[in-house]
Amino acid sequence: MSDNAADGGAQAAGGGTVADLVPLLEVRDVAKYFGSVNALQGVSLKVYPGEVTCVLGDNGAGKSTLIKILSGVFQPDAGEVLLSGEPISLAGPREARAAGIATVFQDLATIPLMSLWRNFFLGQEPTVGWGPLRRLDAGQARAIMRDELLKMGIDVRDPNQNVGTLSGGERQALAIARAVYFGARVLILDEPTSALGVRQSGIVLKYIVQARELGKGVIFITHNPHHAYPVGDRFYLLKRGQLMASVLKSETTIKGLTDMMAGGQELEELSRELMGLTGSADAPDAELAEVARTLSEEASAEPDGTAS
Amino acid sequence: MEATPQDSGGADRTAVAVAGGTGAGGAAPGTKDERLVRVSRLTRLLQRPDLGALMGVIAIFLIFGGFDASPNHLWFTQTGLAAWSQQAAFYGIMAVPVGLLMIGGEFDLSAGVMTGATAIVMALLVGHLHWNAWLAIVGTLVFAALIGLLNGFVVVRSKLPSFIVTLATFFVLRGVSIGGVLLVNHGSSQVALTGTSFPGLASAKDVFGSSFASSSSLPSGYQTAILWFIAVTVLGAWILGRTTFGNWIFAVGGDANAARNTGVPVGRTKTMLFLSTSLAGGLVGIISFTQASSAVSEQGVGYEFYYIIAAVVGGCLLTGGYGSAVGAALGACIIGMAFQGVIYAGWDSSWDFAFLGIVLFLAVLVNTFVYRRAQRARR
């Protein structure tokens, strides 16, 4: 399945806005092997500025390997990565960051016991003074952080507040705002909503849209099509290390996306099996029945699903 | 999707609101901000990690003032102050860097024996090799630095717990200082200066092992170690609170992985912290040698736990990521007061340890309580 509609059809379906643009980041035919395992094979994708590119896939689909290649942790065994049309080789995370590719990791990269402004500037602190009197410019740091978070639509009242007192969604937002401030052109978000509740996920999705509005190329990695569909512009589906499909938003619906991703049939079968298990034994296990019900609901996912 | 009541309530209580979101609703922004400023002043005070230690210092000072049974009631005089502060200085010069290391998420169990081993190194350099005392001080600090770098290097590279690595360093240093001294010193465990002139020793003693501000009411004056203690505390507080490196200390102790992801040089930060504890050990060794003009093997053994107690009493989290240099210094003052107070109260000093154990436990209890409260008050 290599009908890369998202790549080929971008010009037509993008309404002319990205018609002649060179992709901000392009991955061409990338492969990565670990011993005899093909973690990734023949994966290509394009990221345009001011767009959200969603990479969807279940566990073990190769999403993490792809991120690690893009963030410089791994080097691809085949294929190439192009930044603004130029082939680049990312020797490490620092090089990737210097090239403007920022990864907001799943484990957030914020320190709960430290204040907002200390977290925001961690690793790249502004200083004043000279020699042994060189010190943190706390006042400026607080002001900048407040401004930057305001751009993301967050009104910080106390920059000295510990990050640990923020909700998961707000922490993600802080990490995103930090990446944007430090010059990221490409933002890679690794499962930013996976550990969050419905409402918090909604907040993060809002920040993803904010980053897109700032003209960043956003790569949104997730296993949840309900989160990807509302904010995504183009969708790439990974399965067992290969690109299964790539579609533009205009070419699909959330139902289509869900079906493509997990395979609607598989889900239905699984739910029937579970129903059979629980139903025949007169529902001895309420939990199992619950799982089955959820599965069947998900298999027949409604278009205006959970994400908002 | 509709937010649950708990969800929107949570957003209301946090000081960050999503502009235009549903969670921030209710009062006008202006009035809400005023209320928040008032709350945050209180919580900021509560959140200070050294608050508990300050209250502890005041409490212990008053308690031992009450139990003071010494003739002429020395506790509230300059004599009393000089007595406990000189003890506090010896613990505090170490407790501050040990506290920083603890905030950075590591332990240094070799810190105690380091103070003795460096005193012996200096005694041997001056007494046996007849180095100029100032050169011997440089040599002693180089020795301390090498041990610290070794500790840091092994911990960072091997990824073993620093508890184990520095425990090994502790035993090696202890063994070498006992065996080495016996070997060099022909069977004596004390290295004392014999003979008359040691170049530079007098001026070195003035700087490290002397006293100041002697008066009619306090003929012996205060030990210069107290000045070093104050200097180390100010330096530690400055580094931790005001510098980039201080930011990194909190980060590597709070979450080393996240720190690495944001570009903090985790290994270098930890190595520098190990370096600072052993350099402080060297400083204490130099001070104690210049004071006594001799050094004994096994000096300082067991003191590492006093430093850890002082740091914990001062509000440093055992798990890292949180704490205060001033707090660790206050913790050292509590230990100094306790040891001197027991003497003035006329109690059997064998009970010191039981007392310390109780103080440690209470301090951790209070700190944890205050800390949790402060965290909750923010939500």
# chains A, B, ... in the order shown; residues from 1 in each chain; ligands from 1
>>> residues_around(residues="range 59-66 of chain A", least_positions_apart="3", cutoff="7 Å", atoms="only C-alpha atoms", output="PyMOL selection string")
chain A and resi 39-40+69-70+238-241
>>> select_by_dssp(residues="range 118-276 of chain B", states="helix (DSSP H, G or I)", output="ChimeraX atom specification")
/B:118-127,133-158,162-184,201-208,224-242,244-254,256-261,266-276
>>> select_by_dssp(residues="range 41-277 of chain A", states="strand (DSSP E)", output="ChimeraX atom specification")
/A:41-47,51-56,78-83,86-88,101-104,127-128,135-136,154-156,186-190,217-222,234-239,242-248
>>> residues_around(residues="Ser71 in chain A", least_positions_apart="4", cutoff="12 Å", atoms="only C-alpha atoms", output="PyMOL selection string")
(chain A and resi 25+64-67+75-76+81+88-105+184+186-190+219) or (chain B and resi 261)
>>> residues_around(residues="Asp147 in chain A", least_positions_apart="5", cutoff="12 Å", atoms="only C-alpha atoms", output="PyMOL selection string")
chain A and resi 117+120+140-142+152-157+159+174+177-178+181
>>> write_last_selection(atoms="C-alpha atoms", output="compact mmCIF listing (two decimals), in the first residue's frame")
# COMPACT_ATOMS: atom_id res chain seq x y z
CA TRP A 117 10.19 29.63 35.15
CA PHE A 120 10.93 26.77 31.19
CA GLN A 140 13.56 38.46 32.72
CA ALA A 141 13.01 34.71 32.76
CA ARG A 142 9.68 35.13 34.52
CA MET A 152 -0.24 29.58 23.83
CA GLY A 153 -3.31 30.94 25.54
CA ILE A 154 -2.25 30.19 29.11
CA ASP A 155 -2.42 32.94 31.70
CA VAL A 156 0.22 32.27 34.35
CA ARG A 157 -0.37 34.10 37.59
CA PRO A 159 5.80 31.90 37.77
CA LEU A 174 4.62 24.26 29.11
CA ALA A 177 5.70 26.57 24.68
CA ARG A 178 9.32 26.04 25.70
CA TYR A 181 10.31 29.71 22.28
>>> closest_residue(among="B:Gly331, B:Gly209, B:Gly221, B:Gly200", to="Ser293 in chain B", atoms="only C-alpha atoms")
B:Gly209
>>> residues_around(residues="Val313 in chain B", least_positions_apart="6", cutoff="8 Å", atoms="only C-alpha atoms", output="PyMOL selection string")
chain B and resi 52-53+327-328+331+359-360+363-364+367
>>> residues_around(residues="Val366 in chain B", least_positions_apart="5", cutoff="12 Å", atoms="only C-alpha atoms", output="VMD selection string")
chain B and resid 46 49 to 56 312 to 315 359 to 361 371 to 373
>>> decode(residues="range 190-234 of chain B", atoms="N, CA and C atoms", output="short mmCIF file (atom, residue, chain, number, x, y, z; two decimals), in the first residue's frame")
data_model
loop_
_atom_site.label_atom_id
_atom_site.label_comp_id
_atom_site.auth_asym_id
_atom_site.auth_seq_id
_atom_site.Cartn_x
_atom_site.Cartn_y
_atom_site.Cartn_z
N GLN B 190 48.86 8.63 65.46
CA GLN B 190 48.77 10.08 65.43
C GLN B 190 49.97 10.67 64.69
N VAL B 191 49.68 11.60 63.76
CA VAL B 191 50.74 12.31 63.08
C VAL B 191 50.84 13.68 63.73
N ALA B 192 51.88 13.87 64.55
CA ALA B 192 52.06 15.16 65.21
C ALA B 192 53.32 15.81 64.68
N LEU B 193 53.37 17.12 64.76
CA LEU B 193 54.55 17.84 64.28
C LEU B 193 55.62 17.81 65.36
N THR B 194 56.80 17.34 65.00
CA THR B 194 57.92 17.39 65.93
C THR B 194 58.98 18.29 65.33
N GLY B 195 59.70 18.97 66.19
CA GLY B 195 60.69 19.92 65.68
C GLY B 195 60.17 21.33 65.85
N THR B 196 60.86 22.26 65.28
CA THR B 196 60.54 23.65 65.59
C THR B 196 59.90 24.40 64.43
N SER B 197 60.59 24.54 63.31
CA SER B 197 60.08 25.47 62.31
C SER B 197 59.45 24.75 61.13
N PHE B 198 58.23 25.20 60.82
CA PHE B 198 57.56 24.70 59.64
C PHE B 198 57.16 25.91 58.81
N PRO B 199 57.81 26.13 57.67
CA PRO B 199 57.57 27.34 56.90
C PRO B 199 56.11 27.46 56.48
N GLY B 200 55.58 28.65 56.68
CA GLY B 200 54.22 28.93 56.22
C GLY B 200 53.14 28.47 57.18
N LEU B 201 53.49 27.66 58.16
CA LEU B 201 52.46 27.10 59.02
C LEU B 201 51.78 28.17 59.86
N ALA B 202 52.54 29.14 60.32
CA ALA B 202 51.96 30.18 61.17
C ALA B 202 50.91 30.98 60.41
N SER B 203 51.25 31.38 59.18
CA SER B 203 50.28 32.17 58.42
C SER B 203 49.09 31.31 58.01
N ALA B 204 49.32 30.04 57.71
CA ALA B 204 48.22 29.15 57.36
C ALA B 204 47.29 28.98 58.55
N LYS B 205 47.89 28.89 59.73
CA LYS B 205 47.09 28.76 60.95
C LYS B 205 46.23 30.01 61.17
N ASP B 206 46.81 31.18 60.86
CA ASP B 206 46.04 32.42 61.00
C ASP B 206 44.77 32.39 60.15
N VAL B 207 44.91 31.83 58.95
CA VAL B 207 43.77 31.85 58.03
C VAL B 207 42.77 30.75 58.35
N PHE B 208 43.27 29.57 58.74
CA PHE B 208 42.36 28.42 58.88
C PHE B 208 42.09 28.02 60.33
N GLY B 209 43.12 28.01 61.16
CA GLY B 209 42.96 27.37 62.46
C GLY B 209 43.14 28.29 63.64
N SER B 210 42.73 29.54 63.47
CA SER B 210 42.98 30.51 64.53
C SER B 210 41.65 30.97 65.14
N SER B 211 41.68 32.09 65.82
CA SER B 211 40.45 32.63 66.39
C SER B 211 40.41 34.13 66.16
N PHE B 212 39.24 34.71 66.36
CA PHE B 212 39.09 36.15 66.14
C PHE B 212 38.14 36.72 67.19
N ALA B 213 38.11 38.04 67.27
CA ALA B 213 37.17 38.77 68.14
C ALA B 213 37.27 38.34 69.60
N SER B 214 38.49 38.16 70.08
CA SER B 214 38.60 37.86 71.50
C SER B 214 38.40 39.15 72.29
N SER B 215 37.77 39.01 73.42
CA SER B 215 37.46 40.18 74.23
C SER B 215 37.60 39.81 75.70
N SER B 216 37.34 40.76 76.56
CA SER B 216 37.49 40.48 77.99
C SER B 216 36.48 39.43 78.44
N SER B 217 35.28 39.47 77.80
CA SER B 217 34.30 38.47 78.21
C SER B 217 34.53 37.13 77.52
N LEU B 218 35.31 37.12 76.46
CA LEU B 218 35.58 35.87 75.75
C LEU B 218 37.05 35.87 75.31
N PRO B 219 37.96 35.53 76.25
CA PRO B 219 39.40 35.64 75.95
C PRO B 219 39.83 34.78 74.77
N SER B 220 39.21 33.62 74.59
CA SER B 220 39.67 32.71 73.52
C SER B 220 39.12 33.11 72.16
N GLY B 221 38.12 33.98 72.12
CA GLY B 221 37.56 34.41 70.84
C GLY B 221 36.77 33.31 70.14
N TYR B 222 36.36 33.62 68.91
CA TYR B 222 35.65 32.65 68.08
C TYR B 222 36.62 32.02 67.10
N GLN B 223 36.40 30.76 66.78
CA GLN B 223 37.31 30.10 65.84
C GLN B 223 37.08 30.60 64.41
N THR B 224 38.17 30.69 63.65
CA THR B 224 38.05 31.13 62.25
C THR B 224 37.20 30.16 61.43
N ALA B 225 37.09 28.92 61.93
CA ALA B 225 36.24 27.95 61.23
C ALA B 225 34.83 28.49 61.05
N ILE B 226 34.38 29.31 62.01
CA ILE B 226 33.02 29.86 61.93
C ILE B 226 32.89 30.76 60.70
N LEU B 227 33.95 31.54 60.42
CA LEU B 227 33.92 32.40 59.23
C LEU B 227 33.86 31.55 57.96
N TRP B 228 34.64 30.47 57.96
CA TRP B 228 34.60 29.56 56.80
C TRP B 228 33.21 28.96 56.63
N PHE B 229 32.60 28.62 57.76
CA PHE B 229 31.25 28.06 57.74
C PHE B 229 30.28 29.05 57.08
N ILE B 230 30.37 30.31 57.52
CA ILE B 230 29.48 31.34 56.96
C ILE B 230 29.76 31.50 55.46
N ALA B 231 31.04 31.53 55.11
CA ALA B 231 31.40 31.71 53.70
C ALA B 231 30.86 30.57 52.85
N VAL B 232 31.02 29.33 53.34
CA VAL B 232 30.54 28.17 52.58
C VAL B 232 29.02 28.23 52.44
N THR B 233 28.35 28.65 53.51
CA THR B 233 26.89 28.72 53.45
C THR B 233 26.43 29.75 52.43
N VAL B 234 27.06 30.95 52.47
CA VAL B 234 26.68 32.00 51.52
C VAL B 234 26.95 31.52 50.09
#
